[in-house]
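Here is run_39.csv, consisting of CSV, C-alpha atoms:
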chain,number,residue,atom,x,y,z
A,1,MET,CA,115.7,118.0,127.3
A,2,ARG,CA,117.2,119.5,130.4
A,3,GLU,CA,120.0,117.6,132.1
A,4,GLY,CA,118.7,115.0,134.6
A,5,LYS,CA,115.1,115.6,133.7
A,6,GLY,CA,112.6,113.5,131.8
A,7,SER,CA,111.3,114.7,128.5
A,8,PHE,CA,108.8,117.5,128.8
A,9,THR,CA,107.3,116.9,125.4
A,10,SER,CA,106.8,113.2,126.0
A,11,ARG,CA,104.8,114.0,129.1
A,12,ALA,CA,102.8,116.6,127.2
A,13,VAL,CA,101.9,114.0,124.5
A,14,MET,CA,100.7,111.6,127.2
A,15,PHE,CA,98.5,114.4,128.6
A,16,PHE,CA,97.0,115.2,125.2
A,17,ARG,CA,96.3,111.5,124.6
A,18,ALA,CA,94.4,111.3,127.9
A,19,LEU,CA,92.4,114.4,127.0
A,20,ALA,CA,91.6,112.9,123.6
A,21,VAL,CA,90.0,109.8,125.2
A,22,ARG,CA,87.8,112.0,127.5
A,23,ALA,CA,86.9,114.2,124.6
A,24,GLU,CA,85.9,111.1,122.6
A,25,ILE,CA,88.2,111.9,119.7
A,26,PRO,CA,88.2,108.7,117.7
A,27,ILE,CA,91.5,109.0,115.8
A,28,PHE,CA,93.6,107.3,118.5
A,29,LYS,CA,92.4,106.0,121.9
A,30,ASP,CA,95.1,105.6,124.5
A,31,THR,CA,93.0,104.2,127.4
A,32,ILE,CA,96.1,103.9,129.6
A,33,ALA,CA,97.5,107.4,129.4
A,34,GLU,CA,95.4,108.9,132.1
A,35,GLN,CA,96.7,106.3,134.6
A,36,LEU,CA,100.2,107.6,134.1
A,37,LEU,CA,99.4,111.3,134.7
A,38,ASN,CA,100.3,112.9,138.0
A,39,ALA,CA,97.6,114.0,140.4
A,40,ARG,CA,97.3,117.5,138.9
A,41,GLY,CA,97.1,116.2,135.4
A,42,ARG,CA,94.3,113.7,136.3
A,43,ARG,CA,92.3,116.5,138.0
A,44,ILE,CA,92.5,118.6,134.8
A,45,VAL,CA,91.5,115.7,132.6
A,46,ASN,CA,88.5,115.0,134.7
A,47,ARG,CA,87.1,118.6,134.9
A,48,PRO,CA,84.2,119.2,132.5
A,49,ARG,CA,85.4,122.9,132.2
A,50,THR,CA,88.6,121.6,130.6
A,51,TYR,CA,86.7,120.5,127.5
A,52,ARG,CA,84.6,123.7,127.4
A,53,PHE,CA,87.9,125.6,127.4
A,54,MET,CA,89.3,123.3,124.7
A,55,ALA,CA,86.2,123.9,122.5
A,56,ARG,CA,86.6,127.7,122.8
A,57,LEU,CA,90.4,127.5,122.2
A,58,PHE,CA,89.9,125.4,119.1
A,59,ARG,CA,87.4,127.9,117.7
A,60,ARG,CA,89.9,130.8,118.2
A,61,ARG,CA,93.0,128.8,117.2
A,62,PRO,CA,92.0,126.1,114.7
A,63,ARG,CA,95.6,125.3,114.1
A,64,LEU,CA,95.9,123.9,117.6
A,65,LYS,CA,93.0,121.6,116.9
A,66,GLN,CA,94.8,120.5,113.7
A,67,LEU,CA,98.0,119.9,115.7
A,68,LEU,CA,96.3,117.7,118.2
A,69,ALA,CA,94.7,115.7,115.4
A,70,ALA,CA,98.2,115.3,113.8
A,71,LEU,CA,99.7,114.0,117.1
A,72,LEU,CA,96.9,111.4,117.4
A,73,LEU,CA,97.2,110.5,113.7
A,74,ARG,CA,100.9,109.7,113.9
A,75,ALA,CA,100.3,107.3,116.8
A,76,ARG,CA,97.4,105.6,114.9
A,77,PHE,CA,99.5,105.5,111.7
A,78,ALA,CA,102.5,103.7,113.4
A,79,GLU,CA,100.4,101.0,115.0
A,80,ASP,CA,98.1,100.5,111.9
A,81,GLU,CA,101.2,100.0,109.7
A,82,LEU,CA,102.8,97.7,112.3
A,83,VAL,CA,99.8,95.4,112.1
A,84,ARG,CA,100.0,95.4,108.3
A,85,ALA,CA,103.7,94.6,108.5
A,86,MET,CA,103.1,91.7,110.8
A,87,GLU,CA,100.6,90.3,108.4
A,88,ARG,CA,102.5,90.9,105.2
A,89,GLU,CA,106.2,90.9,106.1
A,90,GLY,CA,106.2,88.5,109.1
A,91,VAL,CA,107.4,91.3,111.5
A,92,ARG,CA,108.0,89.9,115.0
A,93,GLN,CA,110.2,92.6,116.5
A,94,TYR,CA,108.9,96.1,117.3
A,95,VAL,CA,111.3,98.9,118.3
A,96,ILE,CA,110.0,102.1,119.7
A,97,LEU,CA,112.7,104.8,119.4
A,98,GLY,CA,112.1,107.7,121.8
A,99,ALA,CA,109.3,105.7,123.4
A,100,GLY,CA,108.5,108.4,126.0
A,101,TRP,CA,105.4,107.4,127.9
A,102,ASP,CA,104.1,105.1,125.2
A,103,THR,CA,101.6,102.5,126.5
A,104,PHE,CA,101.5,100.0,123.7
A,105,ALA,CA,102.4,97.0,125.9
A,106,TRP,CA,99.3,97.5,128.1
A,107,ARG,CA,96.9,98.6,125.4
A,108,ARG,CA,97.7,95.8,122.9
A,109,PRO,CA,98.1,92.5,124.7
A,110,ASP,CA,96.8,90.8,121.5
A,111,LEU,CA,99.9,92.0,119.6
A,112,MET,CA,102.4,91.6,122.6
A,113,ALA,CA,101.9,87.9,122.5
A,114,ARG,CA,103.3,87.9,118.9
A,115,LEU,CA,106.1,90.5,119.3
A,116,ARG,CA,109.2,91.3,121.2
A,117,VAL,CA,109.0,95.0,122.0
A,118,PHE,CA,112.1,97.1,122.6
A,119,GLU,CA,111.5,100.6,124.2
A,120,LEU,CA,114.4,102.9,123.8
A,121,ASP,CA,114.7,106.4,125.3
A,122,HIS,CA,116.9,108.7,127.3
A,123,PRO,CA,117.7,107.2,130.7
A,124,ALA,CA,116.0,110.1,132.6
A,125,THR,CA,112.8,109.8,130.7
A,126,GLN,CA,112.7,106.0,131.0
A,127,ALA,CA,113.4,106.1,134.7
A,128,ALA,CA,110.6,108.6,135.3
A,129,LYS,CA,108.2,106.4,133.3
A,130,ARG,CA,109.1,103.2,135.0
A,131,ALA,CA,108.7,104.8,138.4
A,132,ARG,CA,105.2,105.9,137.5
A,133,LEU,CA,104.4,102.5,136.1
A,134,ALA,CA,105.4,100.9,139.4
A,135,GLU,CA,103.3,103.4,141.4
A,136,ARG,CA,100.2,102.5,139.3
A,137,GLY,CA,100.8,98.8,139.5
A,138,LEU,CA,101.3,98.4,135.8
A,139,ILE,CA,103.5,95.3,135.3
A,140,ASP,CA,106.0,94.9,132.5
A,141,HIS,CA,105.1,92.3,129.8
A,142,PRO,CA,107.5,89.4,129.5
A,143,ASN,CA,108.1,90.4,125.8
A,144,GLN,CA,108.8,94.0,126.7
A,145,ILE,CA,112.5,95.2,127.0
A,146,PHE,CA,113.4,98.7,128.2
A,147,VAL,CA,116.7,100.0,126.7
A,148,PRO,CA,118.0,103.3,128.1
A,149,ILE,CA,120.1,105.2,125.5
A,150,ASP,CA,121.5,108.6,124.6
A,151,PHE,CA,121.1,108.7,120.8
A,152,THR,CA,123.8,111.4,120.5
A,153,ALA,CA,126.4,109.4,122.4
A,154,GLN,CA,125.7,105.7,122.2
A,155,SER,CA,125.5,103.1,119.5
A,156,LEU,CA,121.9,102.1,118.7
A,157,SER,CA,123.0,98.7,117.4
A,158,GLU,CA,125.2,97.9,120.5
A,159,ARG,CA,122.4,98.8,122.9
A,160,LEU,CA,119.8,96.7,121.0
A,161,LEU,CA,122.1,93.7,120.6
A,162,ALA,CA,123.1,93.8,124.3
A,163,GLU,CA,119.4,93.4,125.2
A,164,GLY,CA,118.7,90.4,123.0
A,165,PHE,CA,117.6,92.0,119.7
A,166,ASP,CA,117.8,89.5,116.8
A,167,PRO,CA,119.0,91.0,113.5
A,168,ALA,CA,117.6,88.0,111.5
A,169,VAL,CA,114.0,88.7,112.5
A,170,PRO,CA,112.0,91.2,110.4
A,171,THR,CA,111.6,94.4,112.4
A,172,PHE,CA,109.2,97.4,112.5
A,173,VAL,CA,110.5,100.7,114.1
A,174,ASN,CA,108.3,103.5,115.5
A,175,TRP,CA,110.3,106.7,115.5
A,176,MET,CA,107.6,109.3,116.1
A,177,GLY,CA,108.2,112.7,117.7
A,178,VAL,CA,112.0,112.5,117.6
A,179,THR,CA,113.8,113.4,114.4
A,180,TYR,CA,113.4,117.2,114.6
A,181,TYR,CA,115.0,117.3,118.0
A,182,LEU,CA,118.2,115.6,116.8
A,183,PRO,CA,121.0,117.0,114.5
A,184,LYS,CA,120.5,115.8,110.9
A,185,PRO,CA,123.8,113.7,110.9
A,186,VAL,CA,122.4,111.8,113.9
A,187,VAL,CA,119.1,111.3,112.2
A,188,GLU,CA,120.8,109.9,109.1
A,189,GLY,CA,123.1,107.8,111.2
A,190,VAL,CA,120.1,106.1,112.9
A,191,PHE,CA,118.5,105.2,109.5
A,192,ARG,CA,121.8,103.8,108.2
A,193,GLU,CA,122.5,101.9,111.4
A,194,LEU,CA,119.1,100.3,111.4
A,195,ASP,CA,119.5,99.2,107.8
A,196,GLY,CA,122.9,97.7,108.6
A,197,LEU,CA,121.7,96.0,111.7
A,198,CYS,CA,118.5,94.4,110.4
A,199,SER,CA,119.6,91.7,108.0
A,200,SER,CA,116.1,90.5,107.3
A,201,GLY,CA,114.8,94.0,106.7
A,202,VAL,CA,113.3,96.9,108.6
A,203,MET,CA,110.3,99.2,108.2
A,204,ILE,CA,110.4,102.6,109.9
A,205,ALA,CA,107.4,104.8,110.6
A,206,PHE,CA,108.5,108.4,111.6
A,207,ASP,CA,107.4,112.0,111.4
A,208,TYR,CA,109.5,115.0,110.3
A,209,MET,CA,109.3,118.7,109.9
A,210,ASP,CA,109.1,120.0,106.3
A,211,THR,CA,111.6,122.6,105.2
A,212,ARG,CA,108.8,124.4,103.4
A,213,VAL,CA,107.1,125.2,106.7
A,214,LEU,CA,110.4,126.8,107.9
A,215,GLU,CA,110.6,128.9,104.7
A,216,LEU,CA,106.9,129.9,105.0
A,217,THR,CA,107.5,131.0,108.6
A,218,LYS,CA,110.4,133.2,107.4
A,219,THR,CA,108.3,134.9,104.7
A,220,ARG,CA,105.2,135.6,106.7
A,221,PRO,CA,104.5,139.2,107.6
A,222,LYS,CA,106.5,140.2,110.7
A,223,THR,CA,103.9,141.9,112.7
A,224,VAL,CA,104.5,142.8,116.4
A,225,GLY,CA,102.2,139.9,117.5
A,226,THR,CA,104.0,137.4,115.2
A,227,ARG,CA,107.4,138.4,116.4
A,228,LEU,CA,106.3,138.2,120.0
A,229,ARG,CA,104.8,134.7,119.6
A,230,ARG,CA,108.0,133.5,117.9
A,231,ALA,CA,110.2,134.9,120.6
A,232,VAL,CA,108.0,133.4,123.4
A,233,ALA,CA,107.9,130.0,121.6
A,234,GLY,CA,111.7,130.0,121.1
A,235,ALA,CA,112.3,130.9,124.7
A,236,VAL,CA,110.0,128.1,125.9
A,237,TRP,CA,111.7,125.4,123.8
A,238,ARG,CA,115.2,126.6,124.9
A,239,ARG,CA,114.0,126.6,128.5
A,240,ILE,CA,112.8,123.0,128.5
A,241,GLY,CA,115.9,121.9,126.6
A,242,GLU,CA,114.2,120.5,123.5
A,243,PRO,CA,114.7,122.9,120.6
A,244,PHE,CA,114.2,121.9,116.9
A,245,HIS,CA,117.4,121.0,115.0
A,246,THR,CA,116.3,119.2,111.8
A,247,TRP,CA,113.9,119.9,108.9
A,248,LEU,CA,113.8,117.6,105.9
A,249,ASP,CA,113.4,118.7,102.3
A,250,LEU,CA,110.3,117.0,100.9
A,251,ASP,CA,111.5,117.2,97.3
A,252,GLY,CA,114.8,115.6,98.1
A,253,LEU,CA,113.5,112.9,100.4
A,254,PRO,CA,113.3,110.1,97.8
A,255,GLN,CA,116.9,110.6,96.8
A,256,TRP,CA,118.1,110.9,100.4
A,257,PHE,CA,116.5,107.6,101.3
A,258,ASP,CA,117.6,105.9,98.1
A,259,GLY,CA,121.2,106.7,99.1
A,260,MET,CA,120.6,105.0,102.5
A,261,GLY,CA,119.0,101.8,101.0
A,262,TYR,CA,115.3,102.6,101.7
A,263,ASP,CA,112.2,103.1,99.6
A,264,ILE,CA,109.4,105.5,100.7
A,265,GLN,CA,106.2,103.5,101.0
A,266,ILE,CA,103.9,106.2,102.4
A,267,ASN,CA,104.4,110.0,102.8
A,268,LEU,CA,101.5,111.8,104.3
A,269,THR,CA,101.7,115.6,103.7
A,270,ARG,CA,98.9,118.2,104.0
A,271,ARG,CA,95.7,116.8,102.5
A,272,ALA,CA,97.0,113.2,102.5
A,273,LYS,CA,97.0,113.2,106.3
A,274,CYS,CA,93.2,113.8,106.2
A,275,GLU,CA,92.8,111.0,103.6
A,276,TYR,CA,94.6,108.3,105.5
A,277,LEU,CA,91.6,107.5,107.7
A,278,PRO,CA,87.9,107.5,106.7
A,279,PRO,CA,85.9,110.7,107.8
A,280,GLU,CA,84.2,108.8,110.6
A,281,ALA,CA,87.6,107.9,112.1
A,282,LEU,CA,88.6,111.5,112.1
A,283,GLY,CA,85.5,112.6,114.1
A,284,GLY,CA,85.4,116.1,112.5
A,285,TYR,CA,89.1,116.7,113.2
A,286,GLU,CA,91.5,117.7,110.4
A,287,PRO,CA,95.2,116.8,111.0
A,288,GLY,CA,97.4,119.7,110.0
A,289,GLY,CA,100.6,121.4,110.9
A,290,GLY,CA,104.0,121.2,109.2
A,291,MET,CA,104.7,117.7,110.6
A,292,ASN,CA,104.6,115.1,107.9
A,293,ILE,CA,104.2,111.3,108.6
A,294,ALA,CA,106.1,108.7,106.6
A,295,LEU,CA,106.9,105.0,106.3
A,296,VAL,CA,110.1,103.7,104.7
A,297,ARG,CA,111.1,100.1,103.9
A,298,SER,CA,114.7,98.8,103.6
A,299,ARG,CA,115.6,97.0,100.4
A,300,SER,CA,116.9,94.0,102.5
A,301,MET,CA,113.1,93.4,103.0
A,302,GLY,CA,112.6,93.2,99.3
A,303,THR,CA,111.7,95.8,96.6
A,304,ALA,CA,108.0,95.2,96.1
A,305,ALA,CA,105.7,97.9,97.4
A,306,LEU,CA,103.2,97.0,100.1
A,307,PRO,CA,99.8,96.1,98.7
A,308,GLY,CA,97.3,98.8,99.4
A,309,SER,CA,99.9,101.4,100.4
A,310,ALA,CA,99.5,105.0,99.1
A,311,THR,CA,102.0,107.8,98.8
A,312,GLY,CA,100.5,111.3,99.4
A,313,GLN,CA,102.4,114.5,98.6
A,314,ASN,CA,99.7,117.0,98.5
Show me this structure written as structure tokens.
Amino acid sequence: MREGKGSFTSRAVMFFRALAVRAEIPIFKDTIAEQLLNARGRRIVNRPRTYRFMARLFRRRPRLKQLLAALLLRARFAEDELVRAMEREGVRQYVILGAGWDTFAWRRPDLMARLRVFELDHPATQAAKRARLAERGLIDHPNQIFVPIDFTAQSLSERLLAEGFDPAVPTFVNWMGVTYYLPKPVVEGVFRELDGLCSSGVMIAFDYMDTRVLELTKTRPKTVGTRLRRAVAGAVWRRIGEPFHTWLDLDGLPQWFDGMGYDIQINLTRRAKCEYLPPEALGGYEPGGGMNIALVRSRSMGTAALPGSATGQN
């Protein structure tokens, strides 16, 4: 993220969520996202030709269609697993790390009444979001707490505790769309800090980039078109200030989490992402890409696996 600017990728995700609602993609329906778009974004979302263009683009570039489906699935996954954790583990605190332009507090008033929700993000991103919320007349919920933080320079525990976080209450953490933008020591530090902070246990839903995708990219034929696309993509990510830093080794993941005091409950890779929801909930979309989606559970919450959970490593 560029200095003093809100996150570009978090705004892009909000835009794609708004498009998905208009395109009637059933995977995840963010009915508030469109309200947070600027005037230009709302015009694009409301143009019929936008969706004709999307259809043509998806036919030519099916991987883009798979990527959009994966972005929607990770949002659906986090909130579905939150509800299960509330029912089975008595979770009453919900922490959204790198919340971006998340709209949970306005979409789920039924859950807000039973939760304290802590939204954490970089001060610039959070300030931009709160200004837009005020413009649109969207009022903060009494159980919603905004916590500005720079993950690379500030203590997560200190910031949460300063805003009234209760370590004795079972907690669920949504950490989607963040890990690959941070150095790996910072990622590991967050997992360890959350385990140390949450004395009654914590569950963390997150996504990560698989090292196998990185290796596959390196071994693909280096045609002129491939080299050009990589160069352009790299220049774009450097320009917006949000380059990738961390990939996680799928094979070494259980041991890595074991050393931090967690058990992997769910790990959706490749085909397992398509199997998480029934076909009718996917609406003809196939979640793809090198982004895996996972759920881990600290041992302070107990050692028994969640009933009905499934681990997919396909």
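Closest to Leu138 in chain A among A:Leu182, A:Val45, A:Ala205, A:Leu36 is A:Leu36, based on only C-alpha atoms.
Atom pair CA of Leu111 in chain A / CA of Arg192 in chain A has a distance of 27.4 Å (rounded to one decimal).
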What are the closest atom pairs, with distances in Å to one decimal, for all residues of range 3-90 of chain A lying within 8 Å of range 169-175 of chain A? Consider only C-alpha atoms, order rows by chain and residue number, and present the result as JSON lines.
{"residue": "A:Ala78", "atom": "CA", "partner": "A:Asn174", "partner_atom": "CA", "distance": 6.2}
{"residue": "A:Leu82", "atom": "CA", "partner": "A:Phe172", "partner_atom": "CA", "distance": 6.4}
{"residue": "A:Ala85", "atom": "CA", "partner": "A:Phe172", "partner_atom": "CA", "distance": 7.4}
{"residue": "A:Glu89", "atom": "CA", "partner": "A:Pro170", "partner_atom": "CA", "distance": 7.2}
{"residue": "A:Gly90", "atom": "CA", "partner": "A:Pro170", "partner_atom": "CA", "distance": 6.5}
Would you export the selected residues with C-alpha atoms as an mmCIF file, keeping the file's coordinate frame, please?
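Output below, filename result13.cif:
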data_model
loop_
_atom_site.group_PDB
_atom_site.id
_atom_site.type_symbol
_atom_site.label_atom_id
_atom_site.label_comp_id
_atom_site.auth_asym_id
_atom_site.auth_seq_id
_atom_site.Cartn_x
_atom_site.Cartn_y
_atom_site.Cartn_z
ATOM 1 C CA ALA A 78 102.500 103.700 113.400
ATOM 2 C CA LEU A 82 102.800 97.700 112.300
ATOM 3 C CA ALA A 85 103.700 94.600 108.500
ATOM 4 C CA GLU A 89 106.200 90.900 106.100
ATOM 5 C CA GLY A 90 106.200 88.500 109.100
#
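The closest residue to Ala272 in chain A, picked from A:Ala39, A:Cys198, A:Ile293, A:Ala99 and counting only C-alpha atoms, is A:Ile293.
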Notebook entry, point to check: How far is it from CA of Tyr208 in chain A to CA of Thr269 in chain A, in Å with one decimal?
Noted result: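 If I compute the distance from CA of Tyr208 in chain A to CA of Thr269 in chain A, I get 10.2 Å.
Between Gly164 in chain A and the residues A:Met301, A:Val83, A:Ile145, A:Ala127, the shortest atom-to-atom distance, using all atoms listed in the file, involves A:Ile145.
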Note to self: I want to know what sits within 8 Å of Val178 in chain A, based on all atoms listed in the file, with residues of the same chain fewer than 6 positions away left out; could you give that as number ranges by chain?
What the structure shows: A: 97-98, 207
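Comparing A:Arg61, A:Lys273, A:Arg136, A:Arg212 by their smallest distance to Ile32 in chain A, the closest is A:Arg136 (using only C-alpha atoms).
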Item checked: Between CA of Phe28 in chain A and CA of Ala281 in chain A, distance in Å (one decimal) ->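 Answer for the CA of Phe28 in chain A to CA of Ala281 in chain A separation: 8.8 Å.
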Next item on the list: For each of A:Phe16, A:Phe8, A:Tyr94, A:Trp247, take the minimum atom-to-atom distance to Val117 in chain A, counting all atoms listed in the file, then give the residue where this is smallest.
Entry: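 Nearest to Val117 in chain A: A:Tyr94.
With only C-alpha atoms as the atoms that count, the residue of A:Phe151, A:Phe53, A:Trp101, A:Trp256 with the shortest distance to Glu119 in chain A is A:Trp101.
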Check: Once you count all atoms listed in the file, which residues end up no further than 12 Å from (107.2, 90.7, 130.7) in the file's frame, shown as a PyMOL selection string?
Finding: chain A and resi 105-106+109+112-113+115-118+138-146
What's the 10 Å shell around range 19-21 of chain A, counting all atoms listed in the file, without same-chain residues fewer than 6 positions away, as a PDB file with C-alpha atoms, keeping the file's coordinate frame?
ATOM      1  CA  VAL A  13     101.900 114.000 124.500  1.00  0.00           C
ATOM      2  CA  ILE A  27      91.500 109.000 115.800  1.00  0.00           C
ATOM      3  CA  PHE A  28      93.600 107.300 118.500  1.00  0.00           C
ATOM      4  CA  LYS A  29      92.400 106.000 121.900  1.00  0.00           C
ATOM      5  CA  ASP A  30      95.100 105.600 124.500  1.00  0.00           C
ATOM      6  CA  THR A  31      93.000 104.200 127.400  1.00  0.00           C
ATOM      7  CA  ILE A  32      96.100 103.900 129.600  1.00  0.00           C
ATOM      8  CA  ALA A  33      97.500 107.400 129.400  1.00  0.00           C
ATOM      9  CA  GLU A  34      95.400 108.900 132.100  1.00  0.00           C
ATOM     10  CA  GLY A  41      97.100 116.200 135.400  1.00  0.00           C
ATOM     11  CA  ARG A  42      94.300 113.700 136.300  1.00  0.00           C
ATOM     12  CA  ILE A  44      92.500 118.600 134.800  1.00  0.00           C
ATOM     13  CA  VAL A  45      91.500 115.700 132.600  1.00  0.00           C
ATOM     14  CA  ASN A  46      88.500 115.000 134.700  1.00  0.00           C
ATOM     15  CA  THR A  50      88.600 121.600 130.600  1.00  0.00           C
ATOM     16  CA  TYR A  51      86.700 120.500 127.500  1.00  0.00           C
ATOM     17  CA  MET A  54      89.300 123.300 124.700  1.00  0.00           C
ATOM     18  CA  LEU A  68      96.300 117.700 118.200  1.00  0.00           C
ATOM     19  CA  ALA A  69      94.700 115.700 115.400  1.00  0.00           C
ATOM     20  CA  LEU A  72      96.900 111.400 117.400  1.00  0.00           C
TER      21      LEU A  72
END
Next item on the list: Excluding Ser155 in chain A and any residue of its chain fewer than 4 positions from it, enumerate the residues within 12 Å of it, using all atoms listed in the file, and give them as a ChimeraX atom specification.
Entry: /A:120,147-151,159-162,186,189-190,192-194,197
